[in-house]
>>> print(open('work27.txt').read())   # compact mmCIF, C-alpha atoms
# COMPACT_ATOMS: atom_id res chain seq x y z
CA ASN A 1072 23.56 15.28 -20.43
CA LEU A 1073 21.22 13.48 -18.03
CA ILE A 1074 18.87 12.56 -20.86
CA MET A 1075 21.64 11.14 -23.03
CA GLN A 1076 23.14 9.32 -20.06
CA LYS A 1077 19.87 7.38 -19.84
CA ALA A 1078 20.24 6.34 -23.46
CA ASP A 1079 23.90 5.35 -23.01
CA ASN A 1080 23.10 3.25 -19.92
CA SER A 1081 20.26 1.38 -21.60
CA ALA A 1082 20.28 -2.40 -21.32
CA SER A 1083 19.19 -2.68 -24.98
CA ALA A 1084 21.89 -0.54 -26.58
CA ASP A 1085 22.17 -2.63 -29.78
CA SER A 1086 18.47 -3.19 -30.43
CA GLU A 1087 16.35 -1.46 -33.07
CA ALA A 1088 14.08 -0.16 -30.30
CA HIS A 1089 17.05 1.45 -28.56
CA LYS A 1090 18.14 3.17 -31.78
CA HIS A 1091 14.71 4.81 -32.04
CA TYR A 1092 14.86 5.61 -28.31
CA THR A 1093 18.22 7.41 -28.69
CA LYS A 1094 17.16 9.26 -31.85
CA GLY A 1095 13.95 10.34 -30.13
CA LEU A 1096 15.85 11.82 -27.20
CA VAL A 1097 18.29 13.61 -29.52
CA CYS A 1098 15.39 15.12 -31.48
CA LEU A 1099 13.67 16.36 -28.31
CA ILE A 1100 16.92 17.96 -27.16
CA LYS A 1101 17.18 19.72 -30.51
CA ALA A 1102 13.61 20.92 -30.09
CA GLY A 1103 14.70 22.65 -26.90
CA LEU A 1104 12.98 20.32 -24.43
CA ASN A 1105 14.36 20.68 -20.92
CA GLU A 1106 12.90 21.76 -17.60
CA ASP A 1107 13.73 25.46 -18.18
CA ALA A 1108 12.40 25.74 -21.72
CA PRO A 1109 9.23 27.75 -22.45
CA LEU A 1110 6.48 26.14 -24.51
CA HIS A 1111 7.89 25.60 -27.98
CA ARG A 1112 6.28 25.64 -31.38
CA TYR A 1113 5.72 22.25 -32.93
CA SER A 1114 8.95 21.82 -34.91
CA LYS A 1115 10.19 19.13 -37.27
CA ALA A 1116 12.65 17.98 -34.58
CA SER A 1117 9.96 17.51 -31.94
CA GLU A 1118 7.73 15.71 -34.46
CA GLU A 1119 10.57 13.31 -35.27
CA GLY A 1120 11.29 12.85 -31.55
CA VAL A 1121 7.70 11.84 -30.86
CA LEU A 1122 7.65 9.37 -33.76
CA HIS A 1123 10.94 7.76 -32.72
CA LEU A 1124 9.90 7.35 -29.07
CA GLU A 1125 6.53 5.91 -30.07
CA GLU A 1126 8.26 3.41 -32.36
CA ALA A 1127 10.73 2.48 -29.61
CA ILE A 1128 7.90 1.72 -27.17
CA LYS A 1129 6.03 -0.20 -29.86
CA LEU A 1130 9.07 -2.38 -30.68
CA GLY A 1131 9.60 -3.12 -27.00
CA LEU A 1132 12.10 -1.58 -24.59
CA PRO A 1133 13.38 -2.89 -21.26
CA LEU A 1134 10.96 -1.68 -18.59
CA LYS A 1135 13.33 0.97 -17.22
CA ASP A 1136 13.79 2.45 -20.70
CA GLU A 1137 10.07 2.22 -21.36
CA ALA A 1138 9.39 4.20 -18.19
CA ALA A 1139 11.82 6.93 -19.29
CA ALA A 1140 10.49 6.99 -22.87
CA SER A 1141 6.89 7.16 -21.64
CA ALA A 1142 7.79 10.03 -19.30
CA PHE A 1143 9.52 12.07 -22.03
CA LEU A 1144 6.81 11.34 -24.59
CA GLY A 1145 3.96 12.05 -22.15
CA SER A 1146 5.52 15.35 -21.12
CA GLU A 1147 5.89 16.29 -24.79
CA TYR A 1148 2.22 15.55 -25.50
CA HIS A 1149 1.17 17.66 -22.51
CA LYS A 1150 3.21 20.61 -23.79
CA LEU A 1151 1.83 20.23 -27.30
CA GLY A 1152 -1.70 20.00 -25.94
CA ALA A 1153 -1.20 23.25 -24.03
CA GLU A 1154 0.10 24.97 -27.19
CA TYR A 1155 -2.93 23.89 -29.17
CA GLY A 1156 -5.41 25.27 -26.65
CA GLU A 1157 -6.45 22.00 -25.04
CA ILE A 1158 -6.28 23.41 -21.50
CA GLU A 1159 -9.26 25.65 -22.29
CA GLN A 1160 -10.98 22.67 -23.88
CA LEU A 1161 -10.45 20.71 -20.64
CA LYS A 1162 -11.91 23.55 -18.57
CA ASN A 1163 -15.01 23.46 -20.76
CA GLY A 1164 -15.36 19.68 -20.46
CA GLN A 1165 -14.34 19.16 -24.07
CA SER A 1166 -12.02 16.54 -25.54
CA ALA A 1167 -8.27 17.15 -25.18
CA PRO A 1168 -6.68 14.26 -27.15
CA LEU A 1169 -3.04 15.34 -26.89
CA ILE A 1170 -3.24 15.97 -23.14
CA PHE A 1171 -5.15 12.71 -22.53
CA LYS A 1172 -2.59 10.75 -24.54
CA GLY A 1173 0.20 12.40 -22.57
CA THR A 1174 -1.53 11.59 -19.29
CA LYS A 1175 -1.80 7.89 -20.18
CA LEU A 1176 1.89 7.75 -21.02
CA LEU A 1177 2.88 9.52 -17.80
CA GLU A 1178 0.67 7.18 -15.79
CA ARG A 1179 2.39 4.23 -17.46
CA ALA A 1180 5.78 5.67 -16.48
CA LEU A 1181 4.68 6.16 -12.86
CA MET A 1182 3.18 2.67 -12.67
CA LEU A 1183 6.41 1.06 -13.93
CA ASP A 1184 8.42 3.14 -11.46
CA SER A 1185 6.13 2.19 -8.57
CA GLU A 1186 6.22 -1.51 -9.44
CA ASN A 1187 10.01 -1.35 -9.34
CA HIS A 1188 10.32 0.40 -5.96
CA GLY A 1189 10.91 3.89 -7.39
CA GLU A 1190 14.16 2.88 -9.10
CA PHE A 1191 13.19 3.84 -12.66
CA LEU A 1192 12.47 7.58 -12.41
CA THR A 1193 14.60 10.12 -10.56
CA ASP A 1194 13.29 13.30 -8.95
CA HIS A 1195 14.88 15.11 -11.89
CA ASP A 1196 12.76 13.02 -14.29
CA LYS A 1197 9.59 13.70 -12.34
CA LYS A 1198 10.28 17.42 -12.07
CA ALA A 1199 9.70 17.63 -15.83
CA PHE A 1200 6.11 16.43 -15.68
CA MET A 1201 4.63 15.91 -12.18
CA GLU A 1202 3.33 19.44 -11.67
CA GLY A 1203 1.68 19.42 -15.11
CA LEU A 1204 0.13 16.03 -14.48
CA SER A 1205 -1.24 17.17 -11.10
CA SER A 1206 -2.73 20.30 -12.67
CA THR A 1207 -4.35 18.18 -15.39
CA TYR A 1208 -6.01 15.95 -12.78
CA ALA A 1209 -7.22 18.98 -10.81
CA LEU A 1210 -8.62 20.51 -13.98
CA GLU A 1211 -10.37 17.28 -15.02
CA SER A 1212 -11.99 17.03 -11.57
CA THR A 1213 -13.73 20.39 -12.08
CA THR A 1214 -15.84 18.84 -14.85
CA LEU A 1215 -17.21 16.14 -12.50
CA SER A 1216 -19.79 16.13 -9.73
CA CYS A 1217 -18.33 16.58 -6.22
CA ASP A 1218 -18.56 12.90 -5.27
CA ASN A 1219 -17.21 11.71 -8.62
CA ALA A 1220 -14.39 14.25 -8.44
CA ILE A 1221 -13.40 12.96 -4.98
CA SER A 1222 -13.34 9.36 -6.24
CA PHE A 1223 -11.39 10.39 -9.34
CA LEU A 1224 -8.68 12.22 -7.37
CA GLN A 1225 -8.42 9.48 -4.73
CA GLU A 1226 -7.78 6.97 -7.50
CA LYS A 1227 -5.05 9.14 -9.04
CA LEU A 1228 -3.29 9.52 -5.69
CA LYS A 1229 -2.89 5.73 -5.53
CA LEU A 1230 -0.58 6.05 -8.52
CA CYS A 1231 1.63 8.68 -6.87
CA ASP A 1232 1.05 10.42 -3.55
CA ASP A 1233 3.45 13.31 -4.22
CA MET A 1234 0.92 15.64 -5.84
CA PRO A 1235 0.27 18.70 -3.62
CA ILE A 1236 -2.13 20.22 -6.16
CA VAL A 1237 -4.30 17.08 -6.16
CA HIS A 1238 -4.32 16.85 -2.35
CA PHE A 1239 -5.27 20.55 -2.15
CA THR A 1240 -8.08 20.14 -4.69
CA LEU A 1241 -9.36 17.10 -2.80
CA GLY A 1242 -9.31 19.10 0.44
CA ASN A 1243 -11.41 21.84 -1.14
CA LEU A 1244 -13.95 19.27 -2.34
CA TYR A 1245 -14.23 17.91 1.21
CA MET A 1246 -14.73 21.46 2.51
CA ASP A 1247 -17.56 21.92 0.01
CA LYS A 1248 -19.21 18.86 1.58
CA ASN A 1249 -18.45 20.19 5.11
CA MET A 1250 -16.28 17.11 5.78
CA LEU A 1251 -13.77 19.05 7.83
CA ILE A 1252 -11.59 16.21 9.07
CA GLN A 1253 -11.13 14.72 5.59
CA ALA A 1254 -10.34 18.24 4.34
CA LEU A 1255 -7.81 18.71 7.14
CA LEU A 1256 -6.09 15.42 6.33
CA SER A 1257 -5.96 16.29 2.62
CA PHE A 1258 -4.38 19.68 3.29
CA GLU A 1259 -1.88 18.04 5.65
CA ASN A 1260 -1.03 15.56 2.87
CA ALA A 1261 -0.51 18.49 0.48
CA ILE A 1262 2.05 19.94 2.89
CA GLU A 1263 3.80 16.58 3.38
CA ALA A 1264 3.96 15.73 -0.35
CA LYS A 1265 7.14 16.28 -2.33
CA THR A 1266 7.10 19.45 -4.45
CA TYR A 1267 8.33 19.60 -8.04
CA GLY A 1268 7.91 23.26 -8.94
CA GLU A 1269 6.71 26.75 -8.03
CA GLY A 1270 3.08 25.75 -8.63
CA ASP A 1271 3.33 22.94 -6.07
CA ILE A 1272 4.86 25.33 -3.51
CA LYS A 1273 2.04 27.82 -4.08
CA TYR A 1274 -0.58 25.16 -3.33
CA VAL A 1275 1.29 24.05 -0.20
CA GLU A 1276 0.97 27.61 1.12
CA LYS A 1277 -2.72 27.63 0.23
CA ALA A 1278 -3.11 24.36 2.14
CA ARG A 1279 -1.51 25.92 5.25
CA TYR A 1280 -3.97 28.82 5.06
CA ASN A 1281 -6.96 26.47 4.72
CA ILE A 1282 -5.81 24.44 7.74
CA GLU A 1283 -5.85 27.61 9.85
CA THR A 1284 -9.36 28.35 8.57
CA ILE A 1285 -10.59 24.86 9.51
CA LYS A 1286 -8.97 25.08 12.96
CA SER A 1287 -11.16 28.09 13.76
CA SER A 1288 -14.30 25.96 13.38
CA GLU A 1289 -16.08 25.36 16.71
CA ILE A 1290 -17.30 21.87 15.77
CA LEU A 1291 -13.85 20.66 14.72
CA VAL A 1292 -12.60 19.40 18.12
CA GLU A 1293 -15.63 17.18 18.78
CA GLU A 1294 -15.55 15.89 15.23
CA ILE A 1295 -11.84 15.04 15.56
CA LYS A 1296 -12.43 13.16 18.82
CA ARG A 1297 -15.19 11.10 17.20
CA LYS A 1298 -13.02 10.37 14.17
CA LYS A 1299 -10.01 9.43 16.33
CA ASP A 1300 -12.13 7.06 18.44
CA LYS A 1301 -13.49 5.46 15.27
CA LEU A 1302 -10.00 4.98 13.83
CA GLU A 1303 -8.71 3.47 17.08
CA SER A 1304 -11.68 1.09 17.21
CA GLU A 1305 -10.98 0.05 13.61
CA ILE A 1306 -7.34 -0.65 14.51
CA LYS A 1307 -8.45 -2.98 17.34
CA ASN A 1308 -10.74 -4.88 14.97
CA LEU A 1309 -8.03 -5.02 12.31
CA ASP A 1310 -5.59 -6.36 14.90
CA LYS A 1311 -8.06 -9.14 15.74
CA ASP A 1312 -8.45 -9.93 12.04
CA ARG A 1313 -4.68 -10.07 11.67
CA ASN A 1314 -4.37 -12.48 14.62
CA LYS A 1315 -7.01 -14.72 13.05
CA LYS A 1316 -4.92 -14.81 9.88
CA PHE A 1317 -1.78 -15.59 11.91
CA ASP A 1318 -3.72 -18.40 13.62
CA GLU A 1319 -4.90 -19.74 10.25
CA ALA A 1320 -1.36 -19.63 8.85
CA GLY A 1321 0.09 -21.23 11.99
CA LYS A 1322 -2.30 -24.20 11.82
CA ILE A 1323 -1.68 -24.80 8.11
CA ALA A 1324 2.09 -24.55 8.53
CA TYR A 1325 2.23 -26.69 11.70
CA ASN A 1326 0.31 -29.54 10.06
CA GLU A 1327 2.57 -29.31 7.02
CA TYR A 1328 5.72 -29.32 9.17
CA LEU A 1329 4.53 -32.39 11.07
CA LYS A 1330 4.39 -34.24 7.75
CA ASN A 1331 7.51 -32.93 6.00
CA LYS A 1332 9.72 -31.17 8.60
CA PRO A 1333 11.31 -28.71 6.14
CA ASP A 1334 14.32 -26.55 7.05
CA GLN A 1335 13.24 -23.25 8.56
CA PRO A 1336 14.84 -20.25 10.35
CA LEU A 1337 15.58 -20.73 14.08
CA ALA A 1338 12.72 -18.46 15.23
CA VAL A 1339 10.22 -20.59 13.28
CA VAL A 1340 11.67 -23.88 14.55
CA THR A 1341 11.57 -22.62 18.18
CA LYS A 1342 7.81 -21.91 17.98
CA TRP A 1343 7.25 -25.18 16.17
CA ASN A 1344 9.01 -27.07 18.99
CA GLU A 1345 6.93 -25.24 21.62
CA ILE A 1346 3.72 -26.40 19.93
CA GLU A 1347 5.02 -29.97 19.69
CA ASP A 1348 5.86 -29.97 23.43
CA ILE A 1349 2.36 -28.73 24.30
CA ASP A 1350 0.81 -31.30 21.95
CA SER A 1351 2.70 -34.01 23.81
CA LEU A 1352 1.41 -32.75 27.18
CA ILE A 1353 -2.16 -32.56 25.85
CA ALA A 1354 -1.92 -36.10 24.50
CA LYS A 1355 -0.56 -37.35 27.85
CA ASN A 1356 -3.33 -35.64 29.86
CA LYS A 1357 -6.00 -36.97 27.52
CA GLN A 1358 -4.57 -40.47 27.90
CA ASP A 1359 -4.58 -40.06 31.71
CA LEU A 1360 -8.23 -38.98 31.50
CA SER A 1361 -9.07 -42.03 29.41
CA ASP A 1362 -7.26 -44.35 31.86
CA LEU A 1363 -9.06 -42.72 34.79
CA LYS A 1364 -12.44 -43.26 33.17
CA GLN A 1365 -11.62 -46.92 32.59
CA ARG A 1366 -10.66 -47.40 36.24
CA GLU A 1367 -13.88 -45.69 37.32
CA LYS A 1368 -15.91 -48.13 35.21
CA LYS A 1369 -14.15 -51.13 36.77
CA SER A 1370 -14.56 -49.94 40.37
CA GLY A 1371 -18.30 -49.22 39.88
CA PHE A 1372 -20.59 -48.39 42.83
CA LEU A 1373 -18.50 -50.49 45.23
CA ALA A 1374 -15.63 -47.98 45.15
CA LYS A 1375 -14.82 -46.32 48.43
CA LEU A 1376 -16.15 -42.80 48.90
CA GLY A 1377 -12.66 -41.42 49.40
CA ASP A 1378 -11.40 -43.01 46.20
CA SER A 1379 -14.43 -41.65 44.34
CA ILE A 1380 -13.83 -38.09 45.59
CA ALA A 1381 -10.13 -38.30 44.77
CA SER A 1382 -10.92 -39.65 41.32
CA THR A 1383 -13.42 -36.84 40.64
CA ALA A 1384 -10.90 -34.22 41.76
CA LYS A 1385 -8.18 -35.69 39.54
CA HIS A 1386 -10.62 -35.91 36.63
CA GLY A 1387 -11.48 -32.20 37.05
CA LYS A 1388 -7.83 -31.20 37.30
CA LEU A 1389 -6.88 -33.13 34.16
CA LYS A 1390 -9.77 -31.53 32.20
CA LEU A 1391 -8.69 -28.09 33.40
CA ASP A 1392 -5.07 -28.82 32.46
CA VAL A 1393 -6.14 -29.90 28.96
CA TYR A 1394 -8.28 -26.74 28.59
CA ASN A 1395 -5.39 -24.47 29.65
CA LEU A 1396 -2.93 -26.31 27.42
CA GLU A 1397 -5.29 -25.99 24.44
CA ARG A 1398 -5.53 -22.24 25.05
CA LYS A 1399 -1.75 -21.97 25.33
CA LYS A 1400 -1.34 -23.97 22.14
CA ASN A 1401 -3.77 -21.68 20.27
CA ARG A 1402 -1.86 -18.62 21.50
CA ILE A 1403 1.49 -20.08 20.40
CA ILE A 1404 0.04 -21.16 17.02
CA THR A 1405 -0.96 -17.51 16.50
CA GLU A 1406 2.57 -16.45 17.49
CA PHE A 1407 3.90 -19.14 15.14
CA GLY A 1408 1.92 -17.60 12.28
CA SER A 1409 3.30 -14.17 13.19
CA VAL A 1410 6.89 -15.48 13.23
CA LEU A 1411 6.31 -17.16 9.84
CA TYR A 1412 4.98 -13.88 8.44
CA ASP A 1413 8.04 -11.97 9.72
CA SER A 1414 10.25 -14.65 8.18
CA HIS A 1415 8.39 -14.30 4.87
CA LYS A 1416 8.85 -10.49 4.96
CA LYS A 1417 12.61 -11.02 5.36
CA GLY A 1418 12.63 -13.07 2.15
CA ASP A 1419 12.75 -16.59 3.62
CA ASN A 1420 10.97 -19.38 1.76
CA THR A 1421 7.34 -19.89 2.65
CA LEU A 1422 4.66 -22.48 1.97
CA GLU A 1423 2.69 -21.80 -1.21
CA GLU A 1424 -0.53 -22.39 0.75
CA LEU A 1425 0.27 -19.34 2.90
CA LEU A 1426 0.82 -16.78 0.12
CA SER A 1427 -2.83 -15.68 -0.05
CA ILE A 1428 -2.89 -15.30 3.75
CA TRP A 1429 0.26 -13.15 3.65
CA GLN A 1430 -1.39 -10.93 1.06
CA GLU A 1431 -4.46 -10.49 3.28
CA ILE A 1432 -2.22 -9.65 6.25
CA ASP A 1433 -0.31 -7.12 4.10
CA GLU A 1434 -3.61 -5.39 3.29
CA ILE A 1435 -4.65 -5.38 6.97
CA GLU A 1436 -1.28 -3.93 8.04
CA GLN A 1437 -1.48 -1.29 5.32
CA GLN A 1438 -4.88 -0.17 6.64
CA ILE A 1439 -3.58 -0.17 10.23
CA ARG A 1440 -0.66 2.05 9.22
CA LYS A 1441 -3.01 4.38 7.34
CA ASN A 1442 -5.25 4.72 10.41
CA GLU A 1443 -2.26 5.30 12.68
CA GLU A 1444 -0.96 8.04 10.38
CA GLU A 1445 -4.37 9.76 10.40
CA ILE A 1446 -4.55 9.51 14.20
CA ALA A 1447 -1.06 11.08 14.48
CA ILE A 1448 -2.25 14.03 12.38
CA LEU A 1449 -5.52 14.42 14.32
CA ARG A 1450 -3.72 14.41 17.67
CA LYS A 1451 -2.08 17.70 16.71
CA TYR A 1452 -5.48 19.37 16.84
CA VAL A 1453 -6.96 18.03 20.11
>>> encode(input="work27.txt", output="structure tokens")
Amino acid sequence: NLIMQKADNSASADSEAHKHYTKGLVCLIKAGLNEDAPLHRYSKASEEGVLHLEEAIKLGLPLKDEAAASAFLGSEYHKLGAEYGEIEQLKNGQSAPLIFKGTKLLERALMLDSENHGEFLTDHDKKAFMEGLSSTYALESTTLSCDNAISFLQEKLKLCDDMPIVHFTLGNLYMDKNMLIQALLSFENAIEAKTYGEGDIKYVEKARYNIETIKSSEILVEEIKRKKDKLESEIKNLDKDRNKKFDEAGKIAYNEYLKNKPDQPLAVVTKWNEIEDIDSLIAKNKQDLSDLKQREKKSGFLAKLGDSIASTAKHGKLKLDVYNLERKKNRIITEFGSVLYDSHKKGDNTLEELLSIWQEIDEIEQQIRKNEEEIAILRKYV
């Protein structure tokens, strides 16, 4: 019912692609494909289902339908590959064309889902293929060197983090390299990841056991402290980098606003007005300094000593005031950039010139969050 509901709700119900899509789903149902079905023999119905879904994707489906079709088709190829002995071929480092084709389709489905904020595939959809996909990745990694296997699995986790088997396998690879903290974090991630079947649950329990094994290591505490200090230091540097980007954005935007004065949210306008007020004070003080210098030139060496001392004192005070105002302006420009960024995150219009800066700040904030999450995990062990 859930499968056919997808077909009925399709945005392309009258298209040729949708007709193939619906026929493909009907054929797969006839072939006995659902989450409880054992591996089936390659039947005429499943063959027709594969051909129809491939044709539907080729003709062009709306992205949501393409994600669903790719998921069903990829899962089918994985099952067929298992029936034809390709799992053993994978273990031996040999070619497994059906499984590899299925993996590419499943990765396409996950990518489309991720790009659309997880709205394309339900947990029910993923339950049909996630555990198999995770096992395939883990199996592929065994044919690679340790370092290459780590890189391979890290890359796959960028596509979807909810793969306990992959996190567990990565943790074991780190243990082989005696990288205990990385192993600990990987096993923790295995426990935190969403599970889609009995196999996932089994690996979560294995991860718990491995964490207890790592905790018994005498060198762990010192290693954790060093890692935590390093992560905290990185956060400080990242925070400085982020402030530099806010400052850069604030200067660009302020100069643009001085020219065009576009409509902006109240928080942005408030900061903008603060900077304008400080600019006015700086300009006034600089003008006072200039006037004072002119008077000093006119009075020359005949000026009274008292006037000279008073003039020097006033000159010093004005320079100090300008210096302090410049510092305050720089601080508020940085705050201005931060307010603009918050406004952009809420969906307000932003200057095109700032888009690349916002992207850089997004990346910095993502790394800060990642470090903070790792620190939170490490604190449980020290």
>>> residues_around(input="work27.txt", residues="Glu1434 of chain A", least_positions_apart="6", cutoff="12 Å", atoms="all atoms listed in the file", output="list in words")
Leu1309, Asp1310, Asp1312, Arg1313, Lys1316, Ser1427, Ile1428, Arg1440 and Lys1441 of chain A
>>> residues_around(input="work27.txt", residues="Gly1173 of chain A", least_positions_apart="6", cutoff="8 Å", atoms="all atoms listed in the file", output="PDB file with C-alpha atoms, in the coordinates of the input")
ATOM      1  CA  LEU A1144       6.810  11.340 -24.590  1.00  0.00           C
ATOM      2  CA  GLY A1145       3.960  12.050 -22.150  1.00  0.00           C
ATOM      3  CA  SER A1146       5.520  15.350 -21.120  1.00  0.00           C
ATOM      4  CA  GLU A1147       5.890  16.290 -24.790  1.00  0.00           C
ATOM      5  CA  TYR A1148       2.220  15.550 -25.500  1.00  0.00           C
ATOM      6  CA  HIS A1149       1.170  17.660 -22.510  1.00  0.00           C
TER       7      HIS A1149
END
>>> closest_residue(input="work27.txt", among="A:Glu1444, A:Ile1435, A:Lys1315, A:Tyr1452", to="Asn1401 of chain A", atoms="only C-alpha atoms")
A:Lys1315
>>> closest_residue(input="work27.txt", among="A:Ser1257, A:Asn1442, A:Ser1141, A:Ser1414", to="Phe1200 of chain A", atoms="only C-alpha atoms")
A:Ser1141
>>> residues_around(input="work27.txt", residues="segment 1212-1214 of chain A", least_positions_apart="2", cutoff="9 Å", atoms="all atoms listed in the file", output="JSON list (two decimals) with C-alpha atoms, keeping the file's coordinate frame")
[["chain", "number", "residue", "atom", "x", "y", "z"],
["A", 1161, "LEU", "CA", -10.45, 20.71, -20.64],
["A", 1162, "LYS", "CA", -11.91, 23.55, -18.57],
["A", 1163, "ASN", "CA", -15.01, 23.46, -20.76],
["A", 1164, "GLY", "CA", -15.36, 19.68, -20.46],
["A", 1207, "THR", "CA", -4.35, 18.18, -15.39],
["A", 1208, "TYR", "CA", -6.01, 15.95, -12.78],
["A", 1209, "ALA", "CA", -7.22, 18.98, -10.81],
["A", 1210, "LEU", "CA", -8.62, 20.51, -13.98],
["A", 1216, "SER", "CA", -19.79, 16.13, -9.73],
["A", 1217, "CYS", "CA", -18.33, 16.58, -6.22],
["A", 1219, "ASN", "CA", -17.21, 11.71, -8.62],
["A", 1220, "ALA", "CA", -14.39, 14.25, -8.44],
["A", 1221, "ILE", "CA", -13.40, 12.96, -4.98],
["A", 1223, "PHE", "CA", -11.39, 10.39, -9.34],
["A", 1224, "LEU", "CA", -8.68, 12.22, -7.37],
["A", 1240, "THR", "CA", -8.08, 20.14, -4.69]]
